[in-house]
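Printed here is coords_9.cif (mmCIF, C-alpha atoms):
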data_entry
loop_
_atom_site.label_atom_id
_atom_site.label_comp_id
_atom_site.auth_asym_id
_atom_site.auth_seq_id
_atom_site.Cartn_x
_atom_site.Cartn_y
_atom_site.Cartn_z
CA MET A 1 161.64 48.31 146.79
CA PHE A 2 160.95 45.10 148.72
CA ARG A 3 159.67 45.20 152.28
CA PHE A 4 160.47 42.28 154.57
CA LYS A 5 159.43 41.88 158.21
CA GLN A 6 162.60 43.37 159.71
CA PHE A 7 164.18 45.33 156.85
CA THR A 8 163.54 46.95 153.47
CA ILE A 9 165.58 46.34 150.32
CA ARG A 10 166.11 49.12 147.79
CA GLN A 11 167.65 47.98 144.52
CA GLU A 12 167.87 50.90 142.07
CA LEU A 13 171.70 50.91 142.14
CA CYS A 14 172.10 47.16 141.80
CA ALA A 15 172.06 45.12 138.58
CA MET A 16 170.72 41.96 140.16
CA LYS A 17 167.34 42.53 141.76
CA VAL A 18 165.71 40.70 144.64
CA GLY A 19 164.57 37.28 143.49
CA THR A 20 163.44 33.89 144.70
CA ASP A 21 166.96 32.42 144.56
CA GLY A 22 168.40 34.93 147.02
CA VAL A 23 165.49 34.68 149.44
CA LEU A 24 165.60 30.88 149.49
CA LEU A 25 169.36 30.78 149.95
CA GLY A 26 169.26 33.35 152.75
CA ALA A 27 166.60 31.33 154.55
CA TRP A 28 168.24 27.90 153.94
CA ALA A 29 172.00 28.40 154.31
CA ASN A 30 173.71 27.53 157.58
CA GLY A 31 175.47 30.40 159.31
CA GLY A 32 177.67 30.75 162.38
CA ASN A 33 179.56 33.34 164.38
CA ARG A 34 181.40 34.64 161.32
CA VAL A 35 179.64 34.55 157.94
CA LEU A 36 180.83 35.64 154.48
CA ASP A 37 178.33 36.64 151.78
CA VAL A 38 180.05 36.53 148.37
CA GLY A 39 178.50 38.78 145.71
CA THR A 40 176.14 40.46 148.15
CA GLY A 41 174.30 42.63 145.59
CA THR A 42 171.55 44.44 147.51
CA GLY A 43 172.74 42.97 150.82
CA LEU A 44 169.62 40.78 151.06
CA ILE A 45 171.36 37.53 152.04
CA ALA A 46 173.65 39.27 154.50
CA LEU A 47 170.64 40.84 156.23
CA MET A 48 168.74 37.53 156.28
CA LEU A 49 171.68 35.71 157.84
CA ALA A 50 172.18 38.47 160.40
CA GLN A 51 168.50 38.13 161.33
CA ARG A 52 168.69 34.33 161.61
CA TYR A 53 171.96 34.35 163.57
CA PRO A 54 171.67 37.25 166.07
CA THR A 55 175.25 36.96 167.35
CA ALA A 56 176.88 36.62 163.93
CA GLN A 57 179.28 39.07 162.37
CA VAL A 58 178.63 39.12 158.62
CA THR A 59 181.03 40.30 155.92
CA ALA A 60 179.45 41.13 152.56
CA LEU A 61 181.62 41.34 149.43
CA ASP A 62 180.90 42.68 145.96
CA ILE A 63 183.09 43.83 143.07
CA ASP A 64 180.45 46.21 141.69
CA ALA A 65 180.59 49.72 143.16
CA GLY A 66 176.86 50.26 142.69
CA ALA A 67 176.04 47.07 144.56
CA VAL A 68 178.38 48.08 147.40
CA ARG A 69 176.61 51.44 147.72
CA GLN A 70 173.22 49.75 147.58
CA ALA A 71 174.06 47.10 150.18
CA THR A 72 175.60 49.73 152.47
CA MET A 73 172.46 51.84 152.19
CA ASN A 74 170.14 48.90 152.94
CA ILE A 75 172.23 47.77 155.90
CA GLU A 76 172.39 51.28 157.35
CA ASN A 77 168.62 51.66 156.96
CA ALA A 78 168.20 48.36 158.83
CA ASN A 79 170.42 49.63 161.67
CA ALA A 80 172.73 46.66 161.07
CA ARG A 81 176.05 48.48 160.55
CA GLU A 82 177.55 47.08 163.75
CA ARG A 83 176.96 43.51 162.58
CA ILE A 84 177.42 43.64 158.80
CA THR A 85 180.54 44.95 157.05
CA VAL A 86 180.32 45.67 153.32
CA LEU A 87 183.55 45.57 151.30
CA HIS A 88 184.26 46.53 147.68
CA GLN A 89 186.48 43.52 147.09
CA SER A 90 186.63 40.21 145.22
CA VAL A 91 186.51 36.96 147.14
CA GLN A 92 189.77 35.97 145.42
CA GLU A 93 191.50 38.86 147.25
CA HIS A 94 189.69 38.50 150.56
CA THR A 95 191.32 37.03 153.66
CA GLY A 96 189.84 35.70 156.88
CA GLN A 97 188.34 32.59 158.47
CA TYR A 98 184.61 31.94 158.47
CA ASP A 99 182.12 29.46 159.87
CA ALA A 100 180.01 29.82 156.73
CA VAL A 101 180.45 31.10 153.19
CA VAL A 102 177.24 31.82 151.25
CA SER A 103 176.92 32.84 147.62
CA ASN A 104 174.29 33.37 144.95
CA PRO A 105 177.01 33.27 142.29
CA PRO A 106 177.12 34.45 138.68
CA PHE A 107 176.11 31.41 136.66
CA PHE A 108 176.00 32.04 132.92
CA ILE A 109 178.91 30.25 131.21
CA GLY A 110 179.63 30.51 127.50
CA SER A 111 176.38 32.35 126.77
CA LEU A 112 175.65 35.70 125.17
CA SER A 113 176.55 38.66 127.33
CA ALA A 114 174.04 41.32 128.27
CA PRO A 115 174.59 44.81 126.78
CA ASP A 116 174.46 46.29 130.29
CA ALA A 117 178.01 45.91 131.68
CA GLN A 118 176.86 46.00 135.31
CA ARG A 119 174.23 43.30 134.75
CA ASN A 120 176.69 41.28 132.70
CA MET A 121 179.18 41.30 135.60
CA ALA A 122 176.52 40.13 138.04
CA ARG A 123 175.15 37.33 135.86
CA HIS A 124 178.16 35.90 134.03
CA ALA A 125 180.81 33.71 135.64
CA ASP A 126 183.71 35.49 133.90
CA THR A 127 184.45 37.46 137.10
CA LEU A 128 183.99 34.50 139.47
CA THR A 129 184.21 31.03 137.97
CA TYR A 130 182.91 28.06 139.91
CA ALA A 131 186.51 26.87 140.30
CA GLU A 132 187.54 30.24 141.78
CA LEU A 133 184.56 30.20 144.14
CA MET A 134 185.50 26.74 145.39
CA GLN A 135 189.17 27.62 145.78
CA SER A 136 188.33 30.78 147.69
CA ALA A 137 185.72 29.09 149.89
CA TRP A 138 188.17 26.31 150.79
CA ARG A 139 190.76 28.90 151.82
CA LEU A 140 188.31 31.05 153.80
CA LEU A 141 186.28 28.35 155.56
CA LYS A 142 187.17 26.98 158.94
CA ASP A 143 187.78 23.24 159.08
CA ASP A 144 184.18 22.58 160.15
CA GLY A 145 182.63 25.36 158.05
CA GLU A 146 180.05 25.05 155.30
CA LEU A 147 179.68 26.61 151.84
CA SER A 148 176.13 27.18 150.58
CA VAL A 149 175.12 28.20 147.05
CA VAL A 150 172.09 28.31 144.77
CA VAL A 151 172.26 27.35 141.08
CA PRO A 152 169.84 26.76 138.18
CA PHE A 153 169.13 23.06 137.58
CA ASP A 154 171.31 22.92 134.46
CA TYR A 155 174.37 24.25 136.31
CA ARG A 156 174.17 21.88 139.28
CA GLN A 157 176.57 19.32 137.85
CA ARG A 158 179.21 21.92 137.03
CA MET A 159 179.09 23.27 140.56
CA GLU A 160 179.25 19.83 142.14
CA ASP A 161 182.12 18.79 139.86
CA GLU A 162 184.18 21.84 140.85
CA ALA A 163 183.42 21.23 144.52
CA THR A 164 184.55 17.61 144.28
CA PHE A 165 187.69 18.58 142.36
CA ARG A 166 188.63 21.03 145.13
CA GLY A 167 188.05 18.42 147.86
CA PHE A 168 184.61 19.35 149.15
CA PHE A 169 181.94 16.82 150.10
CA PRO A 170 178.21 17.48 149.61
CA SER A 171 176.43 17.96 152.95
CA ARG A 172 172.96 19.16 151.95
CA VAL A 173 170.98 19.44 148.74
CA CYS A 174 167.52 20.89 148.22
CA ALA A 175 165.67 20.60 144.92
CA VAL A 176 163.26 23.50 144.40
CA LYS A 177 160.25 23.07 142.12
CA THR A 178 157.87 25.68 140.78
CA ALA A 179 155.09 23.06 140.60
CA ALA A 180 154.84 19.64 142.23
CA THR A 181 154.49 17.86 138.88
CA LYS A 182 157.45 19.60 137.24
CA PRO A 183 161.20 18.92 137.51
CA ALA A 184 163.28 21.04 139.90
CA ARG A 185 164.31 24.39 138.38
CA ARG A 186 166.97 25.33 140.94
CA PHE A 187 169.09 23.63 143.58
CA LEU A 188 170.34 24.79 146.97
CA LEU A 189 173.68 23.06 147.58
CA ALA A 190 175.94 22.90 150.63
CA PHE A 191 179.46 21.50 150.95
CA ARG A 192 181.92 20.68 153.74
CA LYS A 193 185.61 19.82 153.90
CA HIS A 194 185.14 16.35 155.37
CA PRO A 195 182.94 13.35 154.55
CA CYS A 196 179.47 13.70 156.00
CA GLN A 197 176.00 12.29 155.65
CA LEU A 198 174.14 13.95 152.78
CA VAL A 199 170.78 15.43 153.73
CA ALA A 200 168.48 15.73 150.69
CA GLU A 201 165.06 17.32 150.38
CA THR A 202 162.65 18.67 147.80
CA PHE A 203 160.05 21.38 148.09
CA THR A 204 157.72 23.31 145.82
CA ILE A 205 157.36 27.09 145.88
CA GLY A 206 154.28 27.86 147.96
CA ASP A 207 154.11 24.53 149.80
CA GLU A 208 154.29 24.12 153.57
CA ARG A 209 158.06 23.50 153.68
CA GLU A 210 158.79 26.66 151.65
CA ARG A 211 156.41 28.71 153.80
CA GLN A 212 158.12 27.48 156.97
CA LEU A 213 161.50 28.38 155.50
CA THR A 214 160.58 31.96 154.58
CA GLN A 215 157.91 32.84 157.17
CA ASP A 216 160.26 34.96 159.27
CA PHE A 217 160.95 37.24 156.30
CA TYR A 218 157.94 37.69 154.05
CA LEU A 219 155.20 40.08 155.19
#
Here is the file; what I need is its structure written in the form of structure tokens.
Amino acid sequence: MFRFKQFTIRQELCAMKVGTDGVLLGAWANGGNRVLDVGTGTGLIALMLAQRYPTAQVTALDIDAGAVRQATMNIENANARERITVLHQSVQEHTGQYDAVVSNPPFFIGSLSAPDAQRNMARHADTLTYAELMQSAWRLLKDDGELSVVVPFDYRQRMEDEATFRGFFPSRVCAVKTAATKPARRFLLAFRKHPCQLVAETFTIGDERERQLTQDFYL
């Protein structure tokens, strides 16, 4: 169980547990009046975006039944049912128009699968390839909307290539380091449908920028 300032996350039913990637993405991604969280897992990112955007209506999708139950439970416990809708559905099947699409996507490609089928679904891109994510985000985003994702450093190029192929333009990129002297280990990436000025930044876990980003959530 993880306690944040305004909500608590239980995760016993969910394969993918609360981690740094989800917290950073939830604190960094741009939202809007209508927000879509793809692969919601515990519901963490949906709850963070609802907290950051008090008038937003958030839709949270997951294809894993356990994750849907877990997210529903966490959202009900946070008294956020009127603002967050959880659906047992794939993004490929989903319809709607959103100001923002946010996803901490499955990322393993061509690697050994985990013996746990639920964890394998959450971690491996067989169920949601980067190409499918980009195609779905393009269809679901409003013309001025933004897609935000988080990826390990060695998957950044694949994600950016698929975004470019679909017609997206990079709008923001944040390199996240675990130590100031080490290379970035993960990247927060955002894309839009039209050419825009790219805003780039770098921060290290525990530095002032990261503390500012997450201060409204961590106890």
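For the atom pair formed by CA of Ala71 in chain A and CA of Gln11 in chain A, the distance is 8.6 Å, given to one decimal.
By only C-alpha atoms, and with residues fewer than 3 positions from Gln197 in chain A along its chain excluded, the set lying at most 9 Å from it is Pro170, Ser171 and Arg172 of chain A.
For the file at hand, the PyMOL selection byres ((chain A and resi 216) around 10) resolves to A:Phe4, A:Lys5, A:Gln6, A:Ala27, A:Met48, A:Gln51, A:Arg52, A:Arg211, A:Gln212, A:Leu213, A:Thr214, A:Gln215, A:Phe217, A:Tyr218, A:Leu219.
Under the PyMOL selection byres ((chain A and resi 151) around 10), the matching residues in the shown file are Asp21, Leu25, Ser103, Asn104, Pro105, Pro106, Phe107, Val149, Val150, Pro152, Phe153, Asp154, Tyr155, Arg156, Gln157, Arg158, Met159, Arg185, Arg186, Phe187, Leu188 and Leu189 of chain A.
For the pair CA of Asp62 in chain A and CA of His88 in chain A, the separation is 5.4 Å.
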Contacts of range 127-144 of chain A within 6 Å, all atoms listed in the file, excl. fewer than 3 positions in-chain, as a list in words | Gln92, Gly96, Gln97, Tyr98, Asp99, Glu162 and Ala163 of chain A
Once the PyMOL selection byres ((chain A and resi 14) around 10) has been evaluated on this model, what residues remain selected, and can you format them as a PDB file with C-alpha atoms, in the coordinates of the input?
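New file out.pdb:
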ATOM      1  CA  ARG A  10     166.110  49.120 147.790  1.00  0.00           C
ATOM      2  CA  GLN A  11     167.650  47.980 144.520  1.00  0.00           C
ATOM      3  CA  GLU A  12     167.870  50.900 142.070  1.00  0.00           C
ATOM      4  CA  LEU A  13     171.700  50.910 142.140  1.00  0.00           C
ATOM      5  CA  ALA A  15     172.060  45.120 138.580  1.00  0.00           C
ATOM      6  CA  MET A  16     170.720  41.960 140.160  1.00  0.00           C
ATOM      7  CA  LYS A  17     167.340  42.530 141.760  1.00  0.00           C
ATOM      8  CA  VAL A  18     165.710  40.700 144.640  1.00  0.00           C
ATOM      9  CA  GLY A  41     174.300  42.630 145.590  1.00  0.00           C
ATOM     10  CA  THR A  42     171.550  44.440 147.510  1.00  0.00           C
ATOM     11  CA  GLY A  43     172.740  42.970 150.820  1.00  0.00           C
ATOM     12  CA  ASP A  64     180.450  46.210 141.690  1.00  0.00           C
ATOM     13  CA  ALA A  65     180.590  49.720 143.160  1.00  0.00           C
ATOM     14  CA  GLY A  66     176.860  50.260 142.690  1.00  0.00           C
ATOM     15  CA  ALA A  67     176.040  47.070 144.560  1.00  0.00           C
ATOM     16  CA  VAL A  68     178.380  48.080 147.400  1.00  0.00           C
ATOM     17  CA  ARG A  69     176.610  51.440 147.720  1.00  0.00           C
ATOM     18  CA  GLN A  70     173.220  49.750 147.580  1.00  0.00           C
ATOM     19  CA  ALA A  71     174.060  47.100 150.180  1.00  0.00           C
ATOM     20  CA  GLN A 118     176.860  46.000 135.310  1.00  0.00           C
ATOM     21  CA  ARG A 119     174.230  43.300 134.750  1.00  0.00           C
ATOM     22  CA  ALA A 122     176.520  40.130 138.040  1.00  0.00           C
TER      23      ALA A 122
END
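Coordinates place CA of Ala100 in chain A at a distance of 8.6 Å from CA of Asp37 in chain A.
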